[in-house]
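K.L.:
Please find one structure pasted underneath; my questions will follow.
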Amino acid sequence: MNGGSNGVPRSNFTSAATPVPRHVAIIMDGNGRWARARHLPRVEGHRRGAKTVRMVVEESRRLGIRYLTLFAFSTENWNRPPTEVAALMQLFKRYLESEMDLLLKNQIRLRAIGDLARLPQDVQESLAQCQAATADQRGMDLILAVSYGGREEIASAARRLAHAVQKGELDPSQIDINLFSGQLYGPDIPDPDLLIRTSDECRISNFLLWQLAYAEIVVSPVFWPEFSKDEYLRCLERFSSRIRRFGLTDEQLAEFRQ
Ligand code: FPP
């Protein structure tokens, strides 16, 4: 994912004038609490959460959102009980296999960011198949962040640049925001305009630490399995009522928009 010059994300002045964000990122939180409140196993919350994923994907495409990034599994989530991790991996695999037709019908390209080599082999294979099958779709990019950690992403970008310097291919003075962004996962993806987190939690939790620099944050009180189309639209409405200044004054913004 990428920023523009001086770290102000590309096209933000145009997005300020449009009600629909170009890129929405979502931290899908509250599956476990939703299940606990119903005396159900946590995995049932994740299963219901997968249904919400389908709704959000279809609705995003319908609304003309160009990029949708979902935080499906963090590097820290590997420390959850092995049975829960295994169930989530099965759920991802099933999702990738069962949603392929829907993705193709809606011209959606599936992508993944994260330390994908840590995923079980069969999940890696399903991911590769789904990515290959949808690679030519240009209606919307659905980006699954799996085995993803923002700090790891930044550290691996720094490592790659350090190797290039060591080999004499790069001078440290050449390292700027754009060059650094180019080393992150998905360098062509514009920064998120909007971050939604469900279940009333107000944390970023190691998600897109670099890319969220100028994102508007909307917190929904609803647990992810109950996150409805109406609640999604309410979050988007809250985004469209925000004034994004990117460190500028109101007068400067007015000039940019003329
Ligand atoms: C956070 O809720 C959610 C996760 C760690 C997993 C997200 C996975 C899904 C929504 C399943 C389907 C996803 C795809 C892409 C098919 P939590 O378990 O931390 O909830 P809690 O904070 O209430 O315990």
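For the structure tokens, the naming scheme is as follows: chains receive sequential letters (A, B, ...) according to their order of presentation, residues are indexed from 1 within each chain, and ligands are indexed from 1 in presentation order.
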Using only C-alpha atoms, what table do you get, as CSV, when you list each residue of region 194-219 of chain A with an atom no more than 12 Å from region 242-247 of chain A, its nearest pair of atoms, and their distance in Å rounded to one decimal, rows by chain then rising number?
P.N.:
```
residue,atom,partner,partner_atom,distance
A:Leu194,CA,A:Arg242,CA,10.5
A:Ala213,CA,A:Phe246,CA,9.5
A:Tyr214,CA,A:Phe246,CA,6.7
A:Ala215,CA,A:Arg244,CA,8.9
A:Glu216,CA,A:Arg242,CA,7.9
A:Ile217,CA,A:Arg242,CA,10.1
A:Val218,CA,A:Arg242,CA,10.3
```
K.L.:
Give the residues close to ligand 1, within 10 Å, counting only C-alpha atoms and all ligand atoms; write them as an NGL selection string.
P.N.:
:A and (27-37 or 42-54 or 69-74 or 76-78 or 80 or 84-85 or 87-96 or 98-99 or 142-146 or 198-199 or 201 or 223-225)
K.L.:
Can you tell me how far CA of Gln211 (chain A) sits from CA of Pro192 (chain A), in Å to one decimal?
P.N.:
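Spanning CA of Gln211 (chain A) to CA of Pro192 (chain A) is a straight-line distance of 6.7 Å.
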K.L.:
So, with only C-alpha atoms as the atoms that count, which of A:Val123, A:Met55, A:Ala254, A:Leu212 lies closest to Ala86 (chain A)?
P.N.:
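Checking each of A:Val123, A:Met55, A:Ala254, A:Leu212 against Ala86 (chain A), counting only C-alpha atoms, the winner is A:Val123.
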K.L.:
Have a look at A:Arg62, A:Ala132, A:Ala158, A:Val56 and name the one nearest to Ile26 (chain A); count only C-alpha atoms.
P.N.:
A:Val56
K.L.:
Find the distance between CA of Pro221 (chain A) and CA of Ser147 (chain A) and write it in Å to one decimal.
P.N.:
25.4 Å
K.L.:
For Gln131 (chain A), please output as a compact mmCIF listing (two decimals) with C-alpha atoms, in the first residue's frame all residues within 8 Å (counting only C-alpha atoms; exclusion window: fewer than 6 positions along the same chain).
P.N.:
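Result written to part36.txt:
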```txt
# COMPACT_ATOMS: atom_id res chain seq x y z
CA ARG A 109 -9.95 -9.70 -7.36
CA LEU A 110 -8.81 -11.53 -4.23
CA ARG A 111 -5.46 -10.61 -2.73
```
K.L.:
Using DSSP on the backbone, list every residue of region 1-97 of chain A that comes out as alpha helix (DSSP H), and give them as a VMD selection string.
P.N.:
chain A and resid 12 to 15 31 to 37 42 to 63 82 to 97
K.L.:
I'd like to know which of A:Gln107, A:Ser241, A:Gln129, A:Thr75 is closest to Glu58 (chain A), using only C-alpha atoms.
P.N.:
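Of all the options, A:Gln107 lies closest to Glu58 (chain A).
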K.L.:
In Å to one decimal, how far is CA of Ala157 (chain A) from CA of Asn206 (chain A)?
P.N.:
15.5 Å
K.L.:
Using only C-alpha atoms, find the one residue out of A:Leu208, A:Ala155, A:Ala135, A:Ile108 that sits nearest to Leu195 (chain A).
P.N.:
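Among A:Leu208, A:Ala155, A:Ala135, A:Ile108, it is A:Leu208 that comes nearest to Leu195 (chain A).
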K.L.:
Ranking A:Pro41, A:Gly149, A:Gly139, A:Gly114 by minimum distance to Ser60 (chain A) and counting only C-alpha atoms, which one comes first?
P.N.:
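The shortest atom-to-atom distance to Ser60 (chain A) comes from A:Gly139.
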K.L.:
Using backbone DSSP assignments, extract all strand (DSSP E) residues from region 124-182 of chain A; output them as a ChimeraX atom specification.
P.N.:
/A:140-148
K.L.:
Which residue, A:Ser173, A:Tyr232, A:Leu104, A:Leu179, has the smallest gap to Ile196 (chain A) when you use only C-alpha atoms?
P.N.:
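Looking at the shortest contact to Ile196 (chain A), the residue is A:Tyr232.
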K.L.:
What lies within 12 Å of Leu63 (chain A) using only C-alpha atoms, ignoring chain neighbours under 2 positions off, as a VMD selection string?
P.N.:
chain A and resid 18 to 24 56 to 61 65 to 68 106 139 to 140 229 232 to 233 236
K.L.:
What does the file look like for those residues with N, CA and C atoms, as a PDB file, in the first residue's frame?
P.N.:
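Once written, part-v9.pdb looks like this:
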```
ATOM      1  N   THR A  18     -16.068  13.104  -2.359  1.00  0.00           N
ATOM      2  CA  THR A  18     -16.949  11.988  -2.698  1.00  0.00           C
ATOM      3  C   THR A  18     -17.412  11.287  -1.427  1.00  0.00           C
ATOM      4  N   PRO A  19     -18.677  10.905  -1.381  1.00  0.00           N
ATOM      5  CA  PRO A  19     -19.181  10.292  -0.158  1.00  0.00           C
ATOM      6  C   PRO A  19     -18.653   8.877   0.079  1.00  0.00           C
ATOM      7  N   VAL A  20     -18.219   8.196  -0.988  1.00  0.00           N
ATOM      8  CA  VAL A  20     -17.793   6.801  -0.826  1.00  0.00           C
ATOM      9  C   VAL A  20     -16.266   6.731  -0.770  1.00  0.00           C
ATOM     10  N   PRO A  21     -15.721   6.164   0.303  1.00  0.00           N
ATOM     11  CA  PRO A  21     -14.263   6.060   0.374  1.00  0.00           C
ATOM     12  C   PRO A  21     -13.725   5.116  -0.698  1.00  0.00           C
ATOM     13  N   ARG A  22     -12.534   5.407  -1.177  1.00  0.00           N
ATOM     14  CA  ARG A  22     -11.949   4.516  -2.174  1.00  0.00           C
ATOM     15  C   ARG A  22     -11.489   3.205  -1.525  1.00  0.00           C
ATOM     16  N   HIS A  23     -10.944   3.326  -0.328  1.00  0.00           N
ATOM     17  CA  HIS A  23     -10.409   2.134   0.337  1.00  0.00           C
ATOM     18  C   HIS A  23     -10.945   2.063   1.778  1.00  0.00           C
ATOM     19  N   VAL A  24     -11.649   0.985   2.074  1.00  0.00           N
ATOM     20  CA  VAL A  24     -12.147   0.747   3.434  1.00  0.00           C
ATOM     21  C   VAL A  24     -11.377  -0.424   4.037  1.00  0.00           C
ATOM     22  N   VAL A  56     -20.558  -7.736   3.606  1.00  0.00           N
ATOM     23  CA  VAL A  56     -19.735  -6.520   3.474  1.00  0.00           C
ATOM     24  C   VAL A  56     -19.040  -6.482   2.110  1.00  0.00           C
ATOM     25  N   VAL A  57     -18.628  -7.655   1.633  1.00  0.00           N
ATOM     26  CA  VAL A  57     -17.968  -7.711   0.319  1.00  0.00           C
ATOM     27  C   VAL A  57     -18.973  -7.303  -0.769  1.00  0.00           C
ATOM     28  N   GLU A  58     -20.155  -7.892  -0.737  1.00  0.00           N
ATOM     29  CA  GLU A  58     -21.154  -7.581  -1.776  1.00  0.00           C
ATOM     30  C   GLU A  58     -21.583  -6.121  -1.713  1.00  0.00           C
ATOM     31  N   GLU A  59     -21.795  -5.629  -0.508  1.00  0.00           N
ATOM     32  CA  GLU A  59     -22.256  -4.259  -0.333  1.00  0.00           C
ATOM     33  C   GLU A  59     -21.171  -3.261  -0.767  1.00  0.00           C
ATOM     34  N   SER A  60     -19.935  -3.570  -0.440  1.00  0.00           N
ATOM     35  CA  SER A  60     -18.828  -2.678  -0.819  1.00  0.00           C
ATOM     36  C   SER A  60     -18.747  -2.571  -2.330  1.00  0.00           C
ATOM     37  N   ARG A  61     -18.870  -3.707  -2.988  1.00  0.00           N
ATOM     38  CA  ARG A  61     -18.813  -3.722  -4.457  1.00  0.00           C
ATOM     39  C   ARG A  61     -19.973  -2.925  -5.046  1.00  0.00           C
ATOM     40  N   ILE A  65     -16.939   0.877  -3.790  1.00  0.00           N
ATOM     41  CA  ILE A  65     -15.677   0.952  -3.043  1.00  0.00           C
ATOM     42  C   ILE A  65     -14.648   0.144  -3.841  1.00  0.00           C
ATOM     43  N   ARG A  66     -13.484   0.701  -4.061  1.00  0.00           N
ATOM     44  CA  ARG A  66     -12.524   0.059  -4.972  1.00  0.00           C
ATOM     45  C   ARG A  66     -11.620  -0.955  -4.260  1.00  0.00           C
ATOM     46  N   TYR A  67     -11.319  -0.680  -2.988  1.00  0.00           N
ATOM     47  CA  TYR A  67     -10.457  -1.573  -2.217  1.00  0.00           C
ATOM     48  C   TYR A  67     -11.100  -1.842  -0.858  1.00  0.00           C
ATOM     49  N   LEU A  68     -11.137  -3.108  -0.481  1.00  0.00           N
ATOM     50  CA  LEU A  68     -11.663  -3.489   0.829  1.00  0.00           C
ATOM     51  C   LEU A  68     -10.637  -4.414   1.485  1.00  0.00           C
ATOM     52  N   ASN A 106     -18.958 -10.793  -9.398  1.00  0.00           N
ATOM     53  CA  ASN A 106     -18.896  -9.372  -9.033  1.00  0.00           C
ATOM     54  C   ASN A 106     -17.592  -8.689  -9.450  1.00  0.00           C
ATOM     55  N   GLY A 139     -13.156  -4.951 -10.760  1.00  0.00           N
ATOM     56  CA  GLY A 139     -14.245  -4.188 -10.130  1.00  0.00           C
ATOM     57  C   GLY A 139     -13.888  -3.729  -8.727  1.00  0.00           C
ATOM     58  N   MET A 140     -13.260  -4.633  -7.972  1.00  0.00           N
ATOM     59  CA  MET A 140     -12.871  -4.300  -6.599  1.00  0.00           C
ATOM     60  C   MET A 140     -11.747  -5.249  -6.183  1.00  0.00           C
ATOM     61  N   LYS A 229     -26.003  -4.549   7.142  1.00  0.00           N
ATOM     62  CA  LYS A 229     -25.884  -3.605   6.019  1.00  0.00           C
ATOM     63  C   LYS A 229     -26.168  -2.179   6.508  1.00  0.00           C
ATOM     64  N   TYR A 232     -23.275  -0.847   8.452  1.00  0.00           N
ATOM     65  CA  TYR A 232     -22.179  -0.524   7.534  1.00  0.00           C
ATOM     66  C   TYR A 232     -22.448   0.846   6.883  1.00  0.00           C
ATOM     67  N   LEU A 233     -23.670   1.036   6.425  1.00  0.00           N
ATOM     68  CA  LEU A 233     -24.011   2.323   5.789  1.00  0.00           C
ATOM     69  C   LEU A 233     -23.879   3.476   6.777  1.00  0.00           C
ATOM     70  N   LEU A 236     -20.304   4.396   6.963  1.00  0.00           N
ATOM     71  CA  LEU A 236     -19.889   5.139   5.760  1.00  0.00           C
ATOM     72  C   LEU A 236     -20.419   6.575   5.803  1.00  0.00           C
TER      73      LEU A 236
END
```
